[in-house]
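Each remark here refers to the structure printed beneath this line.
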Amino acid sequence: MKKIRFVVASLSLLVPMALLVLFTAMIVKPKKIIFFGDSITQMGVEPGGYVDLIRKSLDPLKYEVIGSGIGGNKVYDLYLRMEEDVLAKKPDLVVIYVGVNDVWHKQSMHTGTDYDKFIAFYQALINKIQAAGAKVVLCTPAVIGEKKNGANEMDADLDKYAGAIRELAVKNTLPLCDLRNLFKTYGEKNNTADAAKGVLTTDGVHLNNKGNQALAEVLIPLLK
């Protein structure tokens, strides 16, 4: 009888422990996603911004969404702050959205990024993020002015840099969110007044409500 009682007592202790271990194993760590970019991403974490919209649309038990955008950043700025702002947080997925300032600042501040250097720094970003064990999604820069048919002053250069990102996506077998193509196509259909701003942006660069919504919608499928 004593042996039976001992076995029963032991089982009564083991069963809760086994259930606790099983329950702990069933708890899934949320997938950590970091959006890495410039002022468009910095503004994207604000209410109604694309990062905010994505965070609200995903299950918080399954996804942790972080915005890491700093105004004025170019590709080499991202590279210099990557360790502290991205890799130290151990993300599962990093969305790189950069390129507007690399083109725009050539004219406005004379501090843009040469094409060859842009490609080299961008590839270095991909390499380091992947080496840390995270997946990567690339985004092409959308617009610097919303006029149609290549009428914006920096359209040709922006197309060139967007093309480089498309090639990097193919070269590295990475998902691509082609915002350049998306915004151009949307503008051709909806920018009937051929306005330089106010269609998907507030100022020709930064996103308005429709722009943030459009970006969130095309990105969400690439995050799951």
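By convention in this document, the chains of the structure tokens carry letters A, B, ... by their order, each chain's residues are numbered from 1, and ligands are numbered from 1 in the order they are shown.
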
Leaving out Asp159 in chain A and any residue of its chain fewer than 5 positions from it, which residues lie within 9 Å of it when counting only C-alpha atoms, given as a PDB file with N, CA and C atoms, in the first residue's frame?
ATOM      1  N   PRO A 141      12.278  53.081 -53.108  1.00  0.00           N
ATOM      2  CA  PRO A 141      11.779  54.407 -52.734  1.00  0.00           C
ATOM      3  C   PRO A 141      10.632  54.807 -53.663  1.00  0.00           C
ATOM      4  N   MET A 154      13.657  64.681 -60.336  1.00  0.00           N
ATOM      5  CA  MET A 154      14.572  63.609 -59.962  1.00  0.00           C
ATOM      6  C   MET A 154      14.055  62.211 -60.304  1.00  0.00           C
ATOM      7  N   ALA A 164      18.222  49.507 -58.891  1.00  0.00           N
ATOM      8  CA  ALA A 164      19.316  48.837 -58.181  1.00  0.00           C
ATOM      9  C   ALA A 164      18.771  47.956 -57.064  1.00  0.00           C
ATOM     10  N   ARG A 180       8.021  52.100 -55.745  1.00  0.00           N
ATOM     11  CA  ARG A 180       8.224  52.997 -56.891  1.00  0.00           C
ATOM     12  C   ARG A 180       7.200  52.681 -57.980  1.00  0.00           C
TER      13      ARG A 180
END

Produce a table with one row for each residue of range 46-85 of chain A that has an atom at most 10 Å from any atom of range 122-137 of chain A, each row naming the nearest atom pair and its distance in Å at one decimal; use only C-alpha atoms; arrange rows by chain and rising residue number; format as a Markdown table.
| residue | atom | partner | partner_atom | distance |
| --- | --- | --- | --- | --- |
| A:Val75 | CA | A:Tyr122 | CA | 6.4 |
| A:Tyr76 | CA | A:Tyr122 | CA | 8.0 |
| A:Leu78 | CA | A:Leu125 | CA | 7.9 |
| A:Tyr79 | CA | A:Leu125 | CA | 6.0 |
| A:Leu80 | CA | A:Leu125 | CA | 9.6 |
| A:Met82 | CA | A:Leu125 | CA | 7.9 |
| A:Glu83 | CA | A:Lys128 | CA | 9.0 |

| Residue set, range 1-219 of chain A restricted to helix (DSSP H, G or I), as number ranges by chain | A: 2-26, 39-44, 50-57, 75-85, 87-89, 100-108, 115-131, 155-171, 179-190, 209-219

| message | Need to verify the contact set: range 101-107 of chain A, 10 Å, only C-alpha atoms, exclusion of same-chain residues closer than 6 positions in sequence. Can you return it as a PyMOL selection string? | response | chain A and resi 38-39+71-76+113-115+118+141+143-144+153-155+157-161+205

| said: So, with only C-alpha atoms as the atoms that count, which of A:Gln213, A:Thr140, A:Thr111, A:Thr185 lies closest to Gly99 in chain A? | reply: A:Thr140

Considering only C-alpha atoms, return as a PDB file with all heavy atoms, in the first residue's frame whatever protein or nucleic-acid residues lie within 10 Å of Lys148 in chain A, sequence-local ones (same chain, fewer than 6 positions apart) excluded.
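Produced file selection_6.pdb, reproduced below:
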ATOM      1  N   ASP A 155      13.056  62.152 -61.173  1.00  0.00           N
ATOM      2  CA  ASP A 155      12.463  60.861 -61.524  1.00  0.00           C
ATOM      3  C   ASP A 155      13.474  59.878 -62.113  1.00  0.00           C
ATOM      4  O   ASP A 155      13.488  58.692 -61.762  1.00  0.00           O
ATOM      5  CB  ASP A 155      11.310  61.052 -62.512  1.00  0.00           C
ATOM      6  CG  ASP A 155       9.994  61.357 -61.811  1.00  0.00           C
ATOM      7  OD1 ASP A 155       9.935  61.226 -60.576  1.00  0.00           O
ATOM      8  OD2 ASP A 155       9.032  61.728 -62.507  1.00  0.00           O
ATOM      9  N   LYS A 184       3.781  55.023 -58.917  1.00  0.00           N
ATOM     10  CA  LYS A 184       3.682  55.512 -60.293  1.00  0.00           C
ATOM     11  C   LYS A 184       2.388  55.031 -60.941  1.00  0.00           C
ATOM     12  O   LYS A 184       1.687  55.801 -61.613  1.00  0.00           O
ATOM     13  CB  LYS A 184       4.896  55.050 -61.108  1.00  0.00           C
ATOM     14  CG  LYS A 184       6.182  55.787 -60.757  1.00  0.00           C
ATOM     15  CD  LYS A 184       7.387  55.159 -61.435  1.00  0.00           C
ATOM     16  CE  LYS A 184       7.403  55.369 -62.920  1.00  0.00           C
ATOM     17  NZ  LYS A 184       8.660  54.860 -63.532  1.00  0.00           N
ATOM     18  N   THR A 185       2.074  53.763 -60.750  1.00  0.00           N
ATOM     19  CA  THR A 185       0.859  53.193 -61.334  1.00  0.00           C
ATOM     20  C   THR A 185      -0.390  53.852 -60.747  1.00  0.00           C
ATOM     21  O   THR A 185      -1.334  54.186 -61.473  1.00  0.00           O
ATOM     22  CB  THR A 185       0.811  51.675 -61.087  1.00  0.00           C
ATOM     23  OG1 THR A 185       1.963  51.068 -61.679  1.00  0.00           O
ATOM     24  CG2 THR A 185      -0.438  51.060 -61.686  1.00  0.00           C
ATOM     25  N   TYR A 186      -0.371  54.055 -59.417  1.00  0.00           N
ATOM     26  CA  TYR A 186      -1.504  54.705 -58.764  1.00  0.00           C
ATOM     27  C   TYR A 186      -1.680  56.127 -59.287  1.00  0.00           C
ATOM     28  O   TYR A 186      -2.804  56.574 -59.560  1.00  0.00           O
ATOM     29  CB  TYR A 186      -1.297  54.723 -57.250  1.00  0.00           C
ATOM     30  CG  TYR A 186      -2.489  55.270 -56.482  1.00  0.00           C
ATOM     31  CD1 TYR A 186      -3.475  54.408 -56.011  1.00  0.00           C
ATOM     32  CD2 TYR A 186      -2.631  56.637 -56.241  1.00  0.00           C
ATOM     33  CE1 TYR A 186      -4.583  54.897 -55.309  1.00  0.00           C
ATOM     34  CE2 TYR A 186      -3.737  57.135 -55.553  1.00  0.00           C
ATOM     35  CZ  TYR A 186      -4.695  56.266 -55.094  1.00  0.00           C
ATOM     36  OH  TYR A 186      -5.787  56.752 -54.406  1.00  0.00           O
ATOM     37  N   GLY A 187      -0.579  56.848 -59.442  1.00  0.00           N
ATOM     38  CA  GLY A 187      -0.645  58.223 -59.915  1.00  0.00           C
ATOM     39  C   GLY A 187      -1.178  58.332 -61.331  1.00  0.00           C
ATOM     40  O   GLY A 187      -1.951  59.246 -61.654  1.00  0.00           O
ATOM     41  N   GLU A 188      -0.775  57.418 -62.188  1.00  0.00           N
ATOM     42  CA  GLU A 188      -1.250  57.428 -63.576  1.00  0.00           C
ATOM     43  C   GLU A 188      -2.773  57.297 -63.641  1.00  0.00           C
ATOM     44  O   GLU A 188      -3.424  57.876 -64.510  1.00  0.00           O
ATOM     45  CB  GLU A 188      -0.578  56.298 -64.356  1.00  0.00           C
ATOM     46  CG  GLU A 188       0.888  56.555 -64.649  1.00  0.00           C
ATOM     47  CD  GLU A 188       1.618  55.306 -65.124  1.00  0.00           C
ATOM     48  OE1 GLU A 188       0.954  54.270 -65.314  1.00  0.00           O
ATOM     49  OE2 GLU A 188       2.855  55.372 -65.308  1.00  0.00           O
ATOM     50  N   LYS A 189      -3.341  56.540 -62.708  1.00  0.00           N
ATOM     51  CA  LYS A 189      -4.782  56.306 -62.709  1.00  0.00           C
ATOM     52  C   LYS A 189      -5.562  57.374 -61.935  1.00  0.00           C
ATOM     53  O   LYS A 189      -6.715  57.672 -62.271  1.00  0.00           O
ATOM     54  CB  LYS A 189      -5.086  54.935 -62.099  1.00  0.00           C
ATOM     55  CG  LYS A 189      -4.566  53.765 -62.920  1.00  0.00           C
ATOM     56  CD  LYS A 189      -4.891  52.445 -62.233  1.00  0.00           C
ATOM     57  CE  LYS A 189      -4.393  51.259 -63.046  1.00  0.00           C
ATOM     58  NZ  LYS A 189      -4.663  49.958 -62.366  1.00  0.00           N
ATOM     59  N   ASN A 191      -4.092  60.565 -60.395  1.00  0.00           N
ATOM     60  CA  ASN A 191      -3.622  61.948 -60.331  1.00  0.00           C
ATOM     61  C   ASN A 191      -4.069  62.695 -61.591  1.00  0.00           C
ATOM     62  O   ASN A 191      -3.262  63.056 -62.449  1.00  0.00           O
ATOM     63  CB  ASN A 191      -2.096  61.976 -60.186  1.00  0.00           C
ATOM     64  CG  ASN A 191      -1.561  63.374 -59.910  1.00  0.00           C
ATOM     65  OD1 ASN A 191      -2.321  64.330 -59.754  1.00  0.00           O
ATOM     66  ND2 ASN A 191      -0.237  63.497 -59.858  1.00  0.00           N
ATOM     67  N   THR A 192      -5.366  62.923 -61.684  1.00  0.00           N
ATOM     68  CA  THR A 192      -5.931  63.518 -62.898  1.00  0.00           C
ATOM     69  C   THR A 192      -5.477  64.959 -63.119  1.00  0.00           C
ATOM     70  O   THR A 192      -5.400  65.423 -64.258  1.00  0.00           O
ATOM     71  CB  THR A 192      -7.465  63.475 -62.835  1.00  0.00           C
ATOM     72  OG1 THR A 192      -7.911  64.111 -61.627  1.00  0.00           O
ATOM     73  CG2 THR A 192      -7.962  62.035 -62.850  1.00  0.00           C
ATOM     74  N   ALA A 193      -5.165  65.662 -62.030  1.00  0.00           N
ATOM     75  CA  ALA A 193      -4.721  67.056 -62.146  1.00  0.00           C
ATOM     76  C   ALA A 193      -3.216  67.169 -62.335  1.00  0.00           C
ATOM     77  O   ALA A 193      -2.689  68.279 -62.448  1.00  0.00           O
ATOM     78  CB  ALA A 193      -5.150  67.833 -60.905  1.00  0.00           C
ATOM     79  N   ASP A 194      -2.521  66.016 -62.375  1.00  0.00           N
ATOM     80  CA  ASP A 194      -1.061  65.980 -62.481  1.00  0.00           C
ATOM     81  C   ASP A 194      -0.401  66.834 -61.384  1.00  0.00           C
ATOM     82  O   ASP A 194       0.515  67.616 -61.649  1.00  0.00           O
ATOM     83  CB  ASP A 194      -0.603  66.445 -63.862  1.00  0.00           C
ATOM     84  CG  ASP A 194       0.811  65.966 -64.197  1.00  0.00           C
ATOM     85  OD1 ASP A 194       1.234  64.931 -63.627  1.00  0.00           O
ATOM     86  OD2 ASP A 194       1.499  66.612 -65.006  1.00  0.00           O
ATOM     87  N   ALA A 195      -0.890  66.665 -60.159  1.00  0.00           N
ATOM     88  CA  ALA A 195      -0.383  67.424 -59.017  1.00  0.00           C
ATOM     89  C   ALA A 195       0.974  66.890 -58.571  1.00  0.00           C
ATOM     90  O   ALA A 195       1.266  65.700 -58.698  1.00  0.00           O
ATOM     91  CB  ALA A 195      -1.367  67.341 -57.856  1.00  0.00           C
ATOM     92  N   ALA A 196       1.798  67.765 -58.032  1.00  0.00           N
ATOM     93  CA  ALA A 196       3.123  67.379 -57.547  1.00  0.00           C
ATOM     94  C   ALA A 196       3.068  66.771 -56.156  1.00  0.00           C
ATOM     95  O   ALA A 196       4.039  66.162 -55.707  1.00  0.00           O
ATOM     96  CB  ALA A 196       4.045  68.590 -57.538  1.00  0.00           C
TER      97      ALA A 196
END

Just the residues within 8 Å of Lys31 in chain A, please, counting only C-alpha atoms, with nothing from its chain fewer than 2 positions along; format it as a PDB file with C-alpha atoms, in the first residue's frame.
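Saved result, around-v3.pdb, follows:
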ATOM      1  CA  LYS A  29       7.592  33.818 -29.068  1.00  0.00           C
ATOM      2  CA  ILE A  33       9.714  42.817 -37.157  1.00  0.00           C
ATOM      3  CA  LYS A  62       2.264  36.549 -32.769  1.00  0.00           C
ATOM      4  CA  TYR A  63       4.028  39.725 -33.924  1.00  0.00           C
ATOM      5  CA  GLU A  64       6.090  42.460 -32.298  1.00  0.00           C
ATOM      6  CA  PRO A  91      14.790  40.759 -34.984  1.00  0.00           C
ATOM      7  CA  ASP A  92      13.314  37.891 -36.958  1.00  0.00           C
ATOM      8  CA  LEU A  93      12.605  40.132 -39.950  1.00  0.00           C
TER       9      LEU A  93
END

| said: With DSSP run on the backbone, what are the strand (DSSP E or B) residues within range 56-180 of chain A? I'd like them as a list in words. | reply: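 In range 56-180 of chain A, DSSP puts these residues in strand (DSSP E or B): Tyr63, Glu64, Val65, Ile66, Gly67, Ser68, Gly69, Leu93, Val94, Val95, Ile96, Tyr97, Lys135, Val136, Val137, Leu138, Cys139, Leu176 and Cys177 of chain A.
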
All heavy atoms of the current selection, written as a short mmCIF file (atom, residue, chain, number, x, y, z; two decimals), in the first residue's frame:
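Result went into part10.cif, see below:
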data_model
loop_
_atom_site.label_atom_id
_atom_site.label_comp_id
_atom_site.auth_asym_id
_atom_site.auth_seq_id
_atom_site.Cartn_x
_atom_site.Cartn_y
_atom_site.Cartn_z
N TYR A 63 3.11 38.78 -33.29
CA TYR A 63 4.03 39.72 -33.92
C TYR A 63 4.36 40.89 -33.00
O TYR A 63 3.48 41.45 -32.36
CB TYR A 63 3.42 40.29 -35.21
CG TYR A 63 3.14 39.26 -36.28
CD1 TYR A 63 1.89 38.64 -36.35
CD2 TYR A 63 4.11 38.90 -37.21
CE1 TYR A 63 1.62 37.70 -37.32
CE2 TYR A 63 3.85 37.96 -38.19
CZ TYR A 63 2.60 37.36 -38.24
OH TYR A 63 2.35 36.42 -39.21
N GLU A 64 5.64 41.24 -32.97
CA GLU A 64 6.09 42.46 -32.30
C GLU A 64 6.63 43.38 -33.38
O GLU A 64 7.57 43.03 -34.09
CB GLU A 64 7.18 42.15 -31.27
CG GLU A 64 7.70 43.38 -30.55
CD GLU A 64 8.83 43.09 -29.58
OE1 GLU A 64 9.18 41.90 -29.42
OE2 GLU A 64 9.37 44.04 -29.00
N VAL A 65 6.03 44.55 -33.52
CA VAL A 65 6.36 45.47 -34.61
C VAL A 65 7.09 46.69 -34.05
O VAL A 65 6.58 47.37 -33.14
CB VAL A 65 5.09 45.91 -35.36
CG1 VAL A 65 5.42 46.93 -36.44
CG2 VAL A 65 4.40 44.68 -35.98
N ILE A 66 8.25 46.98 -34.61
CA ILE A 66 9.09 48.09 -34.14
C ILE A 66 9.46 48.98 -35.32
O ILE A 66 9.88 48.49 -36.37
CB ILE A 66 10.38 47.56 -33.48
CG1 ILE A 66 10.06 46.67 -32.28
CG2 ILE A 66 11.30 48.71 -33.06
CD1 ILE A 66 11.26 45.94 -31.72
N GLY A 67 9.33 50.29 -35.14
CA GLY A 67 9.77 51.24 -36.15
C GLY A 67 11.12 51.82 -35.77
O GLY A 67 11.31 52.28 -34.65
N SER A 68 12.06 51.81 -36.71
CA SER A 68 13.38 52.38 -36.47
C SER A 68 13.73 53.31 -37.62
O SER A 68 14.57 52.99 -38.47
CB SER A 68 14.43 51.27 -36.32
OG SER A 68 15.71 51.82 -36.03
N GLY A 69 13.07 54.45 -37.66
CA GLY A 69 13.32 55.43 -38.71
C GLY A 69 13.86 56.73 -38.13
O GLY A 69 13.42 57.16 -37.07
N LEU A 93 12.78 39.59 -38.61
CA LEU A 93 12.61 40.13 -39.95
C LEU A 93 12.89 41.62 -39.93
O LEU A 93 12.46 42.33 -39.02
CB LEU A 93 11.17 39.89 -40.43
CG LEU A 93 10.75 40.50 -41.76
CD1 LEU A 93 11.53 39.88 -42.91
CD2 LEU A 93 9.24 40.32 -41.98
N VAL A 94 13.62 42.09 -40.93
CA VAL A 94 13.92 43.51 -41.07
C VAL A 94 13.44 43.99 -42.44
O VAL A 94 13.80 43.41 -43.47
CB VAL A 94 15.43 43.80 -40.91
CG1 VAL A 94 15.71 45.30 -41.08
CG2 VAL A 94 15.94 43.31 -39.57
N VAL A 95 12.63 45.04 -42.42
CA VAL A 95 12.17 45.67 -43.67
C VAL A 95 13.02 46.91 -43.91
O VAL A 95 12.98 47.85 -43.10
CB VAL A 95 10.67 46.04 -43.58
CG1 VAL A 95 10.23 46.72 -44.88
CG2 VAL A 95 9.83 44.80 -43.29
N ILE A 96 13.78 46.91 -44.98
CA ILE A 96 14.65 48.06 -45.31
C ILE A 96 13.90 48.97 -46.27
O ILE A 96 13.51 48.56 -47.36
CB ILE A 96 15.97 47.60 -45.95
CG1 ILE A 96 16.71 46.62 -45.04
CG2 ILE A 96 16.85 48.81 -46.26
CD1 ILE A 96 17.96 46.03 -45.68
N TYR A 97 13.71 50.21 -45.85
CA TYR A 97 13.02 51.19 -46.70
C TYR A 97 13.84 52.48 -46.70
O TYR A 97 13.72 53.33 -45.84
CB TYR A 97 11.60 51.43 -46.15
CG TYR A 97 10.75 52.39 -46.95
CD1 TYR A 97 11.11 52.79 -48.24
CD2 TYR A 97 9.57 52.90 -46.42
CE1 TYR A 97 10.32 53.66 -48.96
CE2 TYR A 97 8.76 53.77 -47.14
CZ TYR A 97 9.14 54.15 -48.40
OH TYR A 97 8.35 55.02 -49.12
N LYS A 135 15.57 37.53 -41.42
CA LYS A 135 15.16 37.63 -42.81
C LYS A 135 15.04 39.10 -43.21
O LYS A 135 14.95 39.97 -42.35
CB LYS A 135 13.83 36.91 -43.02
CG LYS A 135 13.92 35.40 -42.80
CD LYS A 135 12.60 34.73 -43.07
CE LYS A 135 12.71 33.21 -42.88
NZ LYS A 135 11.42 32.52 -43.14
N VAL A 136 15.05 39.36 -44.52
CA VAL A 136 15.06 40.74 -45.01
C VAL A 136 14.01 40.92 -46.10
O VAL A 136 13.84 40.05 -46.97
CB VAL A 136 16.45 41.11 -45.59
CG1 VAL A 136 16.47 42.57 -46.02
CG2 VAL A 136 17.55 40.83 -44.56
N VAL A 137 13.30 42.05 -46.04
CA VAL A 137 12.40 42.48 -47.11
C VAL A 137 12.91 43.83 -47.60
O VAL A 137 13.23 44.71 -46.79
CB VAL A 137 10.95 42.61 -46.61
CG1 VAL A 137 10.07 43.25 -47.68
CG2 VAL A 137 10.39 41.24 -46.22
N LEU A 138 12.97 44.02 -48.91
CA LEU A 138 13.44 45.27 -49.49
C LEU A 138 12.27 46.10 -50.01
O LEU A 138 11.27 45.55 -50.46
CB LEU A 138 14.40 45.01 -50.64
CG LEU A 138 15.59 44.07 -50.38
CD1 LEU A 138 16.51 44.05 -51.59
CD2 LEU A 138 16.34 44.46 -49.12
N CYS A 139 12.42 47.43 -49.95
CA CYS A 139 11.42 48.35 -50.50
C CYS A 139 12.12 49.34 -51.43
O CYS A 139 13.18 49.87 -51.09
CB CYS A 139 10.72 49.14 -49.40
SG CYS A 139 9.81 48.15 -48.21
N LEU A 176 10.45 41.64 -52.37
CA LEU A 176 10.53 43.06 -52.73
C LEU A 176 9.16 43.71 -52.67
O LEU A 176 8.19 43.19 -53.22
CB LEU A 176 11.09 43.20 -54.15
CG LEU A 176 11.12 44.62 -54.72
CD1 LEU A 176 12.18 45.47 -54.01
CD2 LEU A 176 11.37 44.59 -56.22
N CYS A 177 9.10 44.85 -52.00
CA CYS A 177 7.92 45.70 -52.03
C CYS A 177 8.25 46.87 -52.95
O CYS A 177 8.96 47.80 -52.56
CB CYS A 177 7.59 46.19 -50.62
SG CYS A 177 6.07 47.18 -50.53
#

| request: May I ask which of the residues A:Leu182, A:Ala214, A:Ile70, A:Ile220 is the closest one to Met43 in chain A, counting only C-alpha atoms? | output: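 Closest to Met43 in chain A, using only C-alpha atoms: A:Ile70.
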
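Taking CA of Ile119 in chain A and CA of Ala142 in chain A as the two end points, the separation is 17.4 Å.
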
| Looking at only C-alpha atoms, which of A:Leu179, A:Leu223, A:Leu174, A:Ile34 is the one that sits closest to Asp85 in chain A? |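 Result for the nearest residue to Asp85 in chain A: A:Ile34.
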